Amino acid sequence: MILAGFLLSGGRVQDEGYKSIFNGQNFEGWVGDDPYWSVKDSAIHGEITAETIIDRNRFLIYQGDIPADFELRLEYRISQAGNSGINYRSEIVEGLDYYALKGYQFDLDGAKNLTGSNYEERVRSTLAKIGEVTELPTVEGSVSLKPREQNFWTARVVTDTLGSKEQLTRQIADGQWNKVHLIVNGYHMQHFINGVLMSEVVDKDTVNRRSDGLLGVQVHIGPPMTIEYRNIMVRDLKGP
């Protein structure tokens, strides 16, 4: 279904040309592991309980096509102890008995230490933390042999700042619905929360960057948590 606009929960049209990729009723077009994912109140509900603690991150993965260059809009709500993310331009991790993705991630957490940063799951680690504009130069050879420091990709070059973590996260509502806007245009990636640009990456690493791939959402290892997603809309930046 192509919507005439991106509809927020109040029904206001935000933009034109978006396609809904979650029907709000069931997981038609999505795959993931039980018992971590369910649909409640027209939203994707991810939950880890004391009885279902995991030792590896689990994903709910959209099976339809995502344009190479696109915009994503959605709303999320996360518990204080929650850690999640929206993976994009990603690929399935083969050889596992559960669903996992590797690739770029719009990071989200209840404590707001990571929310809006760009983390590359199972590849180069943090590409831009909250408030950073970065460029990624070409790195030859295996990613596994390259240095990381405190879970940051040390090859990244910080070219500008968007503000401090405290300034940028002040507008994120604890335990309430917040709005994500992701723009992926070529190898330029921008992460917005509630209209505020949180991080920006230009990936010039011709060896390790990805030009397309899968979209999915995550429940993370750690304590019991909940994450919810609703009103998930995608627009092709190149048009029909």
# chains A, B, ... in the order shown; residues from 1 in each chain; ligands from 1
>>> residues_around(residues="range 74-84 of chain A", least_positions_apart="6", cutoff="8 Å", atoms="only C-alpha atoms", output="PyMOL selection string")
chain A and resi 107-111+174-181+217-221+223-233
>>> residues_around(residues="Glu149 in chain A", least_positions_apart="4", cutoff="10 Å", atoms="only C-alpha atoms", output="ChimeraX atom specification")
/A:125-126,153-154
>>> residues_around(residues="Tyr88 in chain A", least_positions_apart="3", cutoff="6 Å", atoms="only C-alpha atoms", output="ChimeraX atom specification")
/A:104,214-215
>>> select_by_dssp(residues="range 7-222 of chain A", states="alpha helix (DSSP H)", output="number ranges by chain")
A: 165-169
>>> write_last_selection(atoms="C-alpha atoms", output="JSON list (two decimals), in the first residue's frame")
[["chain", "number", "residue", "atom", "x", "y", "z"],
["A", 165, "LYS", "CA", 25.09, 14.21, 23.82],
["A", 166, "GLU", "CA", 23.31, 16.10, 26.61],
["A", 167, "GLN", "CA", 22.05, 18.77, 24.21],
["A", 168, "LEU", "CA", 20.90, 16.37, 21.53],
["A", 169, "THR", "CA", 19.19, 13.81, 23.76]]
>>> closest_residue(among="A:Ala173, A:Val143, A:Leu114, A:Val234", to="Ser199 in chain A", atoms="only C-alpha atoms")
A:Leu114
>>> residues_around(residues="Leu237 in chain A", least_positions_apart="4", cutoff="9 Å", atoms="only C-alpha atoms", output="PDB file with C-alpha atoms, in the first residue's frame")
ATOM      1  CA  PRO A  67      15.334   0.627  -2.091  1.00  0.00           C
ATOM      2  CA  ALA A  68      19.082   1.207  -2.222  1.00  0.00           C
ATOM      3  CA  ASP A  69      18.531   4.901  -1.459  1.00  0.00           C
ATOM      4  CA  PHE A  70      15.608   5.536   0.853  1.00  0.00           C
ATOM      5  CA  GLU A  71      14.037   7.372   3.737  1.00  0.00           C
ATOM      6  CA  ILE A 183      17.964   9.203   5.289  1.00  0.00           C
ATOM      7  CA  VAL A 184      20.250   6.923   3.243  1.00  0.00           C
ATOM      8  CA  ASN A 185      21.359   8.577   0.020  1.00  0.00           C
TER       9      ASN A 185
END
>>> residues_around(residues="Gly216 in chain A", least_positions_apart="6", cutoff="6 Å", atoms="only C-alpha atoms", output="list in words")
Leu60, Ile61, Tyr62, Ile86 and Asn87 of chain A
>>> write_last_selection(atoms="N, CA and C atoms", output="short mmCIF file (atom, residue, chain, number, x, y, z; two decimals), in the first residue's frame")
data_model
loop_
_atom_site.label_atom_id
_atom_site.label_comp_id
_atom_site.auth_asym_id
_atom_site.auth_seq_id
_atom_site.Cartn_x
_atom_site.Cartn_y
_atom_site.Cartn_z
N LEU A 60 14.20 -9.16 14.10
CA LEU A 60 13.00 -9.33 13.31
C LEU A 60 13.30 -8.66 11.97
N ILE A 61 13.18 -9.40 10.86
CA ILE A 61 13.72 -8.96 9.58
C ILE A 61 12.60 -8.82 8.55
N TYR A 62 12.58 -7.67 7.90
CA TYR A 62 11.63 -7.44 6.83
C TYR A 62 12.08 -8.19 5.58
N ILE A 86 17.79 -0.27 14.58
CA ILE A 86 17.19 -0.51 13.28
C ILE A 86 18.32 -0.78 12.30
N ASN A 87 18.44 -2.02 11.87
CA ASN A 87 19.49 -2.36 10.92
C ASN A 87 19.02 -2.07 9.50
#
>>> closest_residue(among="A:Gly131, A:Glu140, A:Val201, A:Met189", to="Arg156 in chain A", atoms="only C-alpha atoms")
A:Val201
>>> atom_distance(atom1="CA of Ser211 in chain A", atom2="CA of Gly64 in chain A")
16.5 Å
>>> select_by_dssp(residues="range 41-210 of chain A", states="strand (DSSP E)", output="ChimeraX atom specification")
/A:43-48,58-62,70-78,83-92,101-109,118-121,125-128,132-136,148-149,152-153,157-161,178-185,188-193,196-203
>>> write_last_selection(atoms="C-alpha atoms", output="JSON list (two decimals), in the first residue's frame")
[["chain", "number", "residue", "atom", "x", "y", "z"],
["A", 43, "ALA", "CA", 2.95, -2.13, 17.14],
["A", 44, "ILE", "CA", 5.88, -4.52, 16.89],
["A", 45, "HIS", "CA", 6.63, -5.55, 20.45],
["A", 46, "GLY", "CA", 10.09, -6.92, 21.26],
["A", 47, "GLU", "CA", 10.60, -8.24, 24.76],
["A", 48, "ILE", "CA", 13.25, -10.03, 26.79],
["A", 58, "ARG", "CA", 18.08, -11.37, 17.87],
["A", 59, "PHE", "CA", 16.38, -9.70, 14.92],
["A", 60, "LEU", "CA", 13.00, -9.33, 13.31],
["A", 61, "ILE", "CA", 13.72, -8.96, 9.58],
["A", 62, "TYR", "CA", 11.63, -7.44, 6.83],
["A", 70, "PHE", "CA", 15.61, 5.54, 0.85],
["A", 71, "GLU", "CA", 14.04, 7.37, 3.74],
["A", 72, "LEU", "CA", 12.59, 5.53, 6.72],
["A", 73, "ARG", "CA", 10.17, 7.00, 9.23],
["A", 74, "LEU", "CA", 8.75, 5.26, 12.28],
["A", 75, "GLU", "CA", 7.94, 5.71, 15.94],
["A", 76, "TYR", "CA", 9.61, 3.77, 18.75],
["A", 77, "ARG", "CA", 9.19, 3.38, 22.49],
["A", 78, "ILE", "CA", 11.81, 1.69, 24.66],
["A", 83, "ASN", "CA", 18.86, -1.62, 23.93],
["A", 84, "SER", "CA", 17.75, -1.98, 20.33],
["A", 85, "GLY", "CA", 18.39, -0.69, 16.86],
["A", 86, "ILE", "CA", 17.19, -0.51, 13.28],
["A", 87, "ASN", "CA", 19.49, -2.36, 10.92],
["A", 88, "TYR", "CA", 19.62, -1.30, 7.26],
["A", 89, "ARG", "CA", 21.70, -2.20, 4.21],
["A", 90, "SER", "CA", 22.35, -5.41, 6.13],
["A", 91, "GLU", "CA", 22.75, -9.10, 5.39],
["A", 92, "ILE", "CA", 21.82, -12.33, 7.14],
["A", 101, "LEU", "CA", 21.93, -9.34, 10.78],
["A", 102, "LYS", "CA", 25.19, -7.56, 10.14],
["A", 103, "GLY", "CA", 25.35, -4.07, 8.72],
["A", 104, "TYR", "CA", 24.58, -0.44, 9.47],
["A", 105, "GLN", "CA", 22.40, 0.25, 12.50],
["A", 106, "PHE", "CA", 20.43, 3.23, 13.79],
["A", 107, "ASP", "CA", 21.18, 2.61, 17.46],
["A", 108, "LEU", "CA", 18.50, 3.08, 20.17],
["A", 109, "ASP", "CA", 18.62, 2.68, 23.94],
["A", 118, "ASN", "CA", 25.54, 4.82, 13.74],
["A", 119, "TYR", "CA", 26.77, 1.38, 14.77],
["A", 120, "GLU", "CA", 27.75, -1.27, 12.23],
["A", 121, "GLU", "CA", 26.64, -4.59, 13.71],
["A", 125, "SER", "CA", 31.48, -1.18, 15.26],
["A", 126, "THR", "CA", 30.62, 2.49, 16.03],
["A", 127, "LEU", "CA", 30.96, 4.67, 12.93],
["A", 128, "ALA", "CA", 29.58, 7.88, 14.47],
["A", 132, "GLU", "CA", 29.41, 13.32, 15.34],
["A", 133, "VAL", "CA", 29.70, 13.90, 11.61],
["A", 134, "THR", "CA", 32.24, 11.42, 10.26],
["A", 135, "GLU", "CA", 33.92, 10.23, 7.08],
["A", 136, "LEU", "CA", 35.13, 6.66, 6.70],
["A", 148, "ARG", "CA", 38.77, -0.77, 17.54],
["A", 149, "GLU", "CA", 38.93, 1.33, 20.67],
["A", 152, "PHE", "CA", 34.65, 2.67, 18.07],
["A", 153, "TRP", "CA", 36.02, 2.26, 14.55],
["A", 157, "VAL", "CA", 37.50, 10.81, 10.78],
["A", 158, "VAL", "CA", 35.33, 13.27, 12.71],
["A", 159, "THR", "CA", 34.70, 16.23, 10.41],
["A", 160, "ASP", "CA", 32.13, 18.21, 12.41],
["A", 161, "THR", "CA", 30.03, 18.24, 15.56],
["A", 178, "ASN", "CA", 9.63, 9.16, 19.72],
["A", 179, "LYS", "CA", 10.04, 9.66, 15.97],
["A", 180, "VAL", "CA", 12.88, 8.23, 13.87],
["A", 181, "HIS", "CA", 13.82, 9.64, 10.49],
["A", 182, "LEU", "CA", 16.61, 7.88, 8.59],
["A", 183, "ILE", "CA", 17.96, 9.20, 5.29],
["A", 184, "VAL", "CA", 20.25, 6.92, 3.24],
["A", 185, "ASN", "CA", 21.36, 8.58, 0.02],
["A", 188, "HIS", "CA", 25.59, 9.42, 3.04],
["A", 189, "MET", "CA", 23.59, 8.39, 6.13],
["A", 190, "GLN", "CA", 21.73, 10.76, 8.47],
["A", 191, "HIS", "CA", 20.01, 9.72, 11.72],
["A", 192, "PHE", "CA", 17.30, 12.01, 13.14],
["A", 193, "ILE", "CA", 15.25, 11.71, 16.35],
["A", 196, "VAL", "CA", 17.01, 16.59, 15.40],
["A", 197, "LEU", "CA", 20.05, 15.30, 13.50],
["A", 198, "MET", "CA", 21.89, 12.97, 15.90],
["A", 199, "SER", "CA", 24.71, 11.62, 13.70],
["A", 200, "GLU", "CA", 25.89, 11.70, 10.11],
["A", 201, "VAL", "CA", 28.23, 9.39, 8.18],
["A", 202, "VAL", "CA", 29.79, 9.57, 4.73],
["A", 203, "ASP", "CA", 31.18, 6.11, 3.97]]
>>> closest_residue(among="A:Ile130, A:Asp65, A:Gly17, A:Ile53", to="Trp30 in chain A", atoms="only C-alpha atoms")
A:Asp65
>>> atom_distance(atom1="CA of Arg210 in chain A", atom2="CA of Ser164 in chain A")
28.7 Å
